[in-house]
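Heads up, upload_27.csv below (CSV, C-alpha atoms):
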```csv
chain,number,residue,atom,x,y,z
A,1,ASP,CA,53.9,25.5,-21.5
A,2,ALA,CA,54.9,27.0,-24.8
A,3,LYS,CA,54.7,30.8,-25.2
A,4,THR,CA,52.3,32.4,-27.7
A,5,THR,CA,52.6,35.6,-29.7
A,6,GLN,CA,49.5,37.5,-30.9
A,7,PRO,CA,49.0,41.0,-32.4
A,8,PRO,CA,47.9,43.4,-29.8
A,9,SER,CA,44.8,44.7,-31.7
A,10,MET,CA,42.7,44.1,-34.7
A,11,ASP,CA,39.6,45.7,-36.3
A,12,CYS,CA,36.9,44.0,-38.2
A,13,ALA,CA,33.7,45.2,-39.8
A,14,GLU,CA,30.5,43.7,-38.6
A,15,GLY,CA,29.4,40.8,-40.8
A,16,ARG,CA,32.9,40.1,-42.1
A,17,ALA,CA,35.1,37.3,-41.0
A,18,ALA,CA,37.6,38.0,-38.2
A,19,ASN,CA,40.9,36.1,-38.6
A,20,LEU,CA,43.0,36.2,-35.5
A,21,PRO,CA,46.5,34.8,-35.8
A,22,CYS,CA,48.7,33.2,-33.1
A,23,ASN,CA,52.3,32.0,-33.2
A,24,HIS,CA,53.4,29.2,-31.0
A,25,SER,CA,56.6,28.1,-32.6
A,26,THR,CA,57.9,26.3,-29.5
A,27,ILE,CA,54.8,24.1,-29.1
A,28,SER,CA,55.4,20.5,-28.0
A,29,GLY,CA,53.8,17.5,-29.7
A,30,ASN,CA,51.5,16.9,-26.8
A,31,GLU,CA,50.3,20.5,-26.3
A,32,TYR,CA,46.9,21.6,-27.4
A,33,VAL,CA,46.0,25.1,-28.7
A,34,TYR,CA,43.2,26.7,-26.8
A,35,TRP,CA,41.3,30.0,-27.5
A,36,TYR,CA,39.5,32.0,-24.9
A,37,ARG,CA,38.0,35.4,-25.1
A,38,GLN,CA,37.2,38.0,-22.4
A,39,ILE,CA,34.5,40.6,-22.9
A,40,HIS,CA,35.1,43.7,-20.9
A,41,SER,CA,34.8,43.2,-17.1
A,42,GLN,CA,33.8,39.6,-17.4
A,43,GLY,CA,35.5,36.3,-16.9
A,44,PRO,CA,37.1,34.5,-19.8
A,45,GLN,CA,35.0,32.3,-22.1
A,46,TYR,CA,36.2,29.2,-23.8
A,47,ILE,CA,35.9,29.2,-27.6
A,48,ILE,CA,37.6,26.3,-29.1
A,49,HIS,CA,40.7,24.1,-28.9
A,50,GLY,CA,42.7,21.7,-31.2
A,51,LEU,CA,45.7,19.5,-31.4
A,52,LYS,CA,46.7,19.3,-35.1
A,53,ASN,CA,43.5,19.0,-37.0
A,54,ASN,CA,41.3,22.0,-37.9
A,55,GLU,CA,38.3,22.3,-35.7
A,56,THR,CA,34.9,24.0,-36.0
A,57,ASN,CA,32.1,24.6,-33.5
A,58,GLU,CA,29.1,26.9,-33.3
A,59,MET,CA,31.3,29.8,-32.3
A,60,ALA,CA,34.4,29.6,-34.5
A,61,SER,CA,36.9,27.7,-36.6
A,62,LEU,CA,40.4,26.9,-35.7
A,63,ILE,CA,43.0,26.4,-38.4
A,64,ILE,CA,46.4,24.9,-37.2
A,65,THR,CA,49.3,24.8,-39.6
A,66,GLU,CA,50.8,21.5,-40.5
A,67,ASP,CA,53.9,22.2,-38.5
A,68,ARG,CA,51.7,23.4,-35.6
A,69,LYS,CA,53.8,26.5,-35.1
A,70,SER,CA,50.9,28.8,-35.7
A,71,SER,CA,47.1,28.9,-35.8
A,72,THR,CA,44.3,31.1,-36.8
A,73,LEU,CA,41.0,31.6,-35.0
A,74,ILE,CA,38.2,32.5,-37.5
A,75,LEU,CA,34.9,34.1,-36.5
A,76,PRO,CA,33.0,33.7,-39.7
A,77,HIS,CA,30.5,36.6,-39.3
A,78,ALA,CA,31.7,39.0,-36.6
A,79,THR,CA,29.1,40.9,-34.6
A,80,LEU,CA,29.5,43.8,-32.2
A,81,ARG,CA,29.1,41.4,-29.4
A,82,ASP,CA,32.3,39.7,-30.5
A,83,THR,CA,34.3,42.7,-29.4
A,84,ALA,CA,36.7,41.3,-26.8
A,85,VAL,CA,40.2,40.3,-26.0
A,86,TYR,CA,41.1,37.0,-27.5
A,87,TYR,CA,43.7,34.8,-25.9
A,88,CYS,CA,45.6,31.9,-27.6
A,89,ILE,CA,47.0,29.5,-25.0
A,90,VAL,CA,48.9,26.2,-25.4
A,91,ARG,CA,48.4,23.6,-22.7
A,92,VAL,CA,49.3,20.0,-22.2
A,93,ASP,CA,46.1,18.7,-20.7
A,94,THR,CA,42.8,19.7,-19.2
A,95,ALA,CA,44.2,19.6,-15.6
A,96,SER,CA,47.0,21.9,-16.1
A,97,LYS,CA,46.8,25.7,-15.5
A,98,LEU,CA,46.1,28.2,-18.1
A,99,THR,CA,48.8,30.9,-18.7
A,100,PHE,CA,47.3,34.0,-20.3
A,101,GLY,CA,49.5,36.1,-22.6
A,102,THR,CA,48.6,39.6,-23.7
A,103,GLY,CA,46.0,38.5,-26.2
A,104,THR,CA,44.5,40.4,-29.2
A,105,ARG,CA,41.9,43.1,-28.6
A,106,LEU,CA,39.4,42.7,-31.4
A,107,GLN,CA,37.2,45.7,-32.1
A,108,VAL,CA,34.2,45.0,-34.3
A,109,THR,CA,32.8,48.1,-35.9
A,110,LEU,CA,29.6,49.0,-37.9
B,1,GLY,CA,27.2,24.6,-19.7
B,2,ALA,CA,28.8,24.5,-16.3
B,3,VAL,CA,28.4,27.5,-14.2
B,4,VAL,CA,30.8,29.1,-11.8
B,5,SER,CA,29.7,32.0,-9.6
B,6,GLN,CA,31.6,34.5,-7.5
B,7,HIS,CA,30.4,36.6,-4.5
B,8,PRO,CA,30.5,39.5,-4.2
B,9,SER,CA,30.7,40.9,-7.7
B,10,TRP,CA,32.2,44.0,-6.3
B,11,VAL,CA,33.5,45.2,-2.9
B,12,ILE,CA,34.9,48.4,-1.5
B,13,CYS,CA,36.8,48.3,1.7
B,14,LYS,CA,39.0,50.4,3.8
B,15,SER,CA,42.8,49.9,3.9
B,16,GLY,CA,43.9,47.4,6.5
B,17,THR,CA,40.7,45.4,6.5
B,18,SER,CA,40.3,41.8,5.2
B,19,VAL,CA,38.0,40.8,2.3
B,20,LYS,CA,36.7,37.3,1.5
B,21,ILE,CA,35.7,36.4,-2.0
B,22,GLU,CA,33.8,33.2,-2.7
B,23,CYS,CA,33.9,31.0,-5.8
B,24,ARG,CA,31.3,28.3,-6.3
B,25,SER,CA,30.8,25.7,-8.9
B,26,LEU,CA,27.0,25.5,-9.1
B,27,ASP,CA,26.3,22.3,-11.0
B,28,PHE,CA,29.5,20.2,-10.8
B,29,GLN,CA,32.1,19.2,-8.3
B,30,ALA,CA,35.5,20.9,-8.8
B,31,THR,CA,38.5,19.2,-7.2
B,32,THR,CA,40.7,22.0,-8.6
B,33,MET,CA,40.0,25.7,-8.7
B,34,PHE,CA,42.2,28.6,-9.8
B,35,TRP,CA,42.5,32.2,-8.7
B,36,TYR,CA,43.6,34.9,-11.1
B,37,ARG,CA,44.1,38.7,-10.7
B,38,GLN,CA,43.8,41.2,-13.4
B,39,PHE,CA,44.9,44.8,-13.3
B,40,PRO,CA,43.3,47.4,-15.7
B,41,LYS,CA,44.4,46.9,-19.3
B,42,GLN,CA,46.5,43.9,-18.4
B,43,SER,CA,46.1,40.2,-18.8
B,44,LEU,CA,45.0,37.6,-16.2
B,45,MET,CA,47.8,36.5,-13.9
B,46,LEU,CA,47.4,33.2,-12.1
B,47,MET,CA,47.8,33.6,-8.4
B,48,ALA,CA,47.2,30.1,-7.0
B,49,THR,CA,45.8,26.7,-7.7
B,50,SER,CA,43.3,25.5,-5.1
B,51,ASN,CA,42.9,21.8,-4.4
B,52,GLU,CA,40.0,20.5,-2.4
B,53,GLY,CA,41.2,19.2,1.0
B,54,SER,CA,44.8,20.3,0.7
B,55,LYS,CA,46.9,23.5,0.7
B,56,ALA,CA,46.9,25.8,-2.2
B,57,THR,CA,49.8,26.0,-4.6
B,58,TYR,CA,50.9,29.6,-5.0
B,59,GLU,CA,52.6,31.1,-8.1
B,60,GLN,CA,56.0,32.7,-7.6
B,61,GLY,CA,55.7,36.2,-6.2
B,62,VAL,CA,52.3,35.7,-4.6
B,63,GLU,CA,52.3,36.1,-0.9
B,64,LYS,CA,50.5,33.1,0.6
B,65,ASP,CA,50.0,34.8,4.0
B,66,LYS,CA,48.3,37.8,2.4
B,67,PHE,CA,46.1,35.9,0.0
B,68,LEU,CA,44.6,33.0,2.0
B,69,ILE,CA,42.9,30.3,0.0
B,70,ASN,CA,40.6,27.7,1.4
B,71,HIS,CA,39.0,24.9,-0.6
B,72,ALA,CA,37.0,23.2,2.0
B,73,SER,CA,34.4,21.5,-0.3
B,74,LEU,CA,34.2,20.3,-3.8
B,75,THR,CA,32.0,23.3,-4.8
B,76,LEU,CA,33.5,26.2,-2.8
B,77,SER,CA,36.9,27.9,-2.7
B,78,THR,CA,37.5,31.2,-0.9
B,79,LEU,CA,40.1,33.8,-1.4
B,80,THR,CA,40.7,36.2,1.6
B,81,VAL,CA,42.8,39.3,1.0
B,82,THR,CA,44.2,40.1,4.4
B,83,SER,CA,45.1,43.6,5.5
B,84,ALA,CA,44.2,45.0,2.1
B,85,HIS,CA,45.9,48.0,0.7
B,86,PRO,CA,45.1,50.2,-2.3
B,87,GLU,CA,47.6,48.3,-4.5
B,88,ASP,CA,45.5,45.2,-4.0
B,89,SER,CA,42.6,46.8,-5.9
B,90,SER,CA,42.1,44.6,-8.8
B,91,PHE,CA,39.7,42.3,-10.7
B,92,TYR,CA,39.8,38.8,-9.1
B,93,ILE,CA,38.6,35.9,-11.2
B,94,CYS,CA,38.3,32.2,-10.3
B,95,SER,CA,37.9,29.2,-12.5
B,96,ALA,CA,37.2,25.5,-12.1
B,97,ASN,CA,38.0,22.3,-13.8
B,98,ARG,CA,34.9,20.1,-14.3
B,99,PRO,CA,35.8,16.4,-14.4
B,100,GLY,CA,35.6,15.2,-18.0
B,101,ALA,CA,35.4,18.7,-19.5
B,102,ILE,CA,37.9,20.1,-21.9
B,103,GLU,CA,37.7,23.7,-20.9
B,104,GLN,CA,38.1,25.6,-17.6
B,105,PHE,CA,35.0,27.4,-16.5
B,106,PHE,CA,35.4,30.9,-15.3
B,107,GLY,CA,33.5,33.0,-12.8
B,108,PRO,CA,32.3,36.5,-13.6
B,109,GLY,CA,34.9,38.1,-11.4
B,110,THR,CA,35.0,40.3,-8.3
B,111,ARG,CA,36.1,43.9,-8.5
B,112,LEU,CA,37.9,44.9,-5.3
B,113,THR,CA,38.5,48.5,-4.5
B,114,VAL,CA,40.6,49.4,-1.4
B,115,LEU,CA,40.4,52.9,-0.2
```
Encoding of this model in structure tokens:
Amino acid sequence: DAKTTQPPSMDCAEGRAANLPCNHSTISGNEYVYWYRQIHSQGPQYIIHGLKNNETNEMASLIITEDRKSSTLILPHATLRDTAVYYCIVRVDTASKLTFGTGTRLQVTL
Amino acid sequence: GAVVSQHPSWVICKSGTSVKIECRSLDFQATTMFWYRQFPKQSLMLMATSNEGSKATYEQGVEKDKFLINHASLTLSTLTVTSAHPEDSSFYICSANRPGAIEQFFGPGTRLTVL
């Protein structure tokens, strides 16, 4: 699976949009981009995934660049409960294992 | 959504004893489950892939004789830490693939402290 690079930490004011970047320059054509997050001392939680089109669900939006070498997870209105470590992972299919990188620690503040 | 549980949520044991951690898929059958370990302020590290009815596949550097994995049914996988030592103290997390689902479902984790 392709390696991903994320900033180690970010801050965001409550109510503002949180934009979390991820670089995956070696991604293959058949690899999906997945985002998970882990709130302190809990198991990871799935957020969203995409192949090449932008995606949106009730939690977030995923913007993938046309060359697929990077993506951005957008939390449109961050709340304190969104404080967590966010992991960007590339993966071929649903049966394959997830390889977690270091992630981005998002701190949402008042 | 699909639910994965772990038991116990935390355990404290003496050095040299063995500890068993259970991972259950509560509302679906999981042919594949995964076990991760997470040390403080670090990321999740995959330890092994557990397949129902067959031997687990361990990641490089993980001692299969120390971390025994059994996946005897489609809803239960167990991880036994044998002869535990303080360096085995960690947060152990399991996950499961639900057939037809896109995401892996994670358990809440088990915090192991070895004294």
Item to check | Test item: residues at most 9 Å from segment 67-84 of chain A, all atoms listed in the file, excluding those fewer than 3 positions along its chain, as a VMD selection string | outcome: chain A and resid 4 12 to 29 33 35 37 to 40 48 51 to 52 59 to 64 88 104 to 110
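Comparing the minimum interatomic distances between Phe28 of chain B and each of B:Val4, B:Met45, B:Cys13, B:Ile102, counting only C-alpha atoms, we find that B:Val4 sits nearest.
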Select from chain B every residue with an atom at most 9 Å from any atom of chain A, then for each give the shortest pair of atoms and their distance in Å to one decimal, using all atoms listed in the file, rows by chain and rising number, as CSV.
```
residue,atom,partner,partner_atom,distance
B:Thr32,CA,A:Ala95,CA,8.2
B:Phe34,CA,A:Lys97,CA,7.9
B:Gln42,CA,A:Thr102,CA,7.1
B:Ser43,CA,A:Thr102,CA,5.5
B:Leu44,CA,A:Phe100,CA,5.9
B:Met45,CA,A:Phe100,CA,6.9
B:Leu46,CA,A:Thr99,CA,7.1
B:Thr49,CA,A:Lys97,CA,7.9
B:Phe91,CA,A:Ser41,CA,8.1
B:Ile93,CA,A:Gly43,CA,6.5
B:Cys94,CA,A:Gly43,CA,8.3
B:Ser95,CA,A:Gly43,CA,8.7
B:Asn97,CA,A:Ala95,CA,7.0
B:Gly100,CA,A:Thr94,CA,8.6
B:Ala101,CA,A:Thr94,CA,7.5
B:Ile102,CA,A:Thr94,CA,5.6
B:Glu103,CA,A:Tyr46,CA,6.4
B:Gln104,CA,A:Tyr46,CA,7.4
B:Phe105,CA,A:Gln45,CA,7.4
B:Phe106,CA,A:Gly43,CA,5.6
B:Gly107,CA,A:Gly43,CA,5.6
B:Pro108,CA,A:Gly43,CA,4.6
B:Gly109,CA,A:Gly43,CA,5.8
B:Arg111,CA,A:Ser41,CA,8.7
```
Checklist entry - If you measure from atom CA of Val90 of chain A to atom CA of Glu59 of chain B, what distance in Å do you get, rounded to one decimal? => result 18.4 Å
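When atom CA of Lys20 of chain B is paired with atom CA of Ser83 of chain B, their separation reads 11.2 Å.
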Within 12 Å of (33.2, 33.6, 2.4) (file coordinates; all atoms listed in the file), which protein or nucleic acid residues are there? I'd like them as an mmCIF file with C-alpha atoms, in the frame of the given file.
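Generated file (selection_31.cif):
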```cif
data_model
loop_
_atom_site.group_PDB
_atom_site.id
_atom_site.type_symbol
_atom_site.label_atom_id
_atom_site.label_comp_id
_atom_site.auth_asym_id
_atom_site.auth_seq_id
_atom_site.Cartn_x
_atom_site.Cartn_y
_atom_site.Cartn_z
ATOM 1 C CA GLN B 6 31.600 34.500 -7.500
ATOM 2 C CA HIS B 7 30.400 36.600 -4.500
ATOM 3 C CA PRO B 8 30.500 39.500 -4.200
ATOM 4 C CA SER B 18 40.300 41.800 5.200
ATOM 5 C CA VAL B 19 38.000 40.800 2.300
ATOM 6 C CA LYS B 20 36.700 37.300 1.500
ATOM 7 C CA ILE B 21 35.700 36.400 -2.000
ATOM 8 C CA GLU B 22 33.800 33.200 -2.700
ATOM 9 C CA CYS B 23 33.900 31.000 -5.800
ATOM 10 C CA ARG B 24 31.300 28.300 -6.300
ATOM 11 C CA LEU B 68 44.600 33.000 2.000
ATOM 12 C CA ILE B 69 42.900 30.300 0.000
ATOM 13 C CA ASN B 70 40.600 27.700 1.400
ATOM 14 C CA HIS B 71 39.000 24.900 -0.600
ATOM 15 C CA ALA B 72 37.000 23.200 2.000
ATOM 16 C CA LEU B 76 33.500 26.200 -2.800
ATOM 17 C CA SER B 77 36.900 27.900 -2.700
ATOM 18 C CA THR B 78 37.500 31.200 -0.900
ATOM 19 C CA LEU B 79 40.100 33.800 -1.400
ATOM 20 C CA THR B 80 40.700 36.200 1.600
ATOM 21 C CA VAL B 81 42.800 39.300 1.000
#
```
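Between atom CA of His85 of chain B and atom CA of Pro40 of chain B the interatomic distance comes to 16.6 Å.
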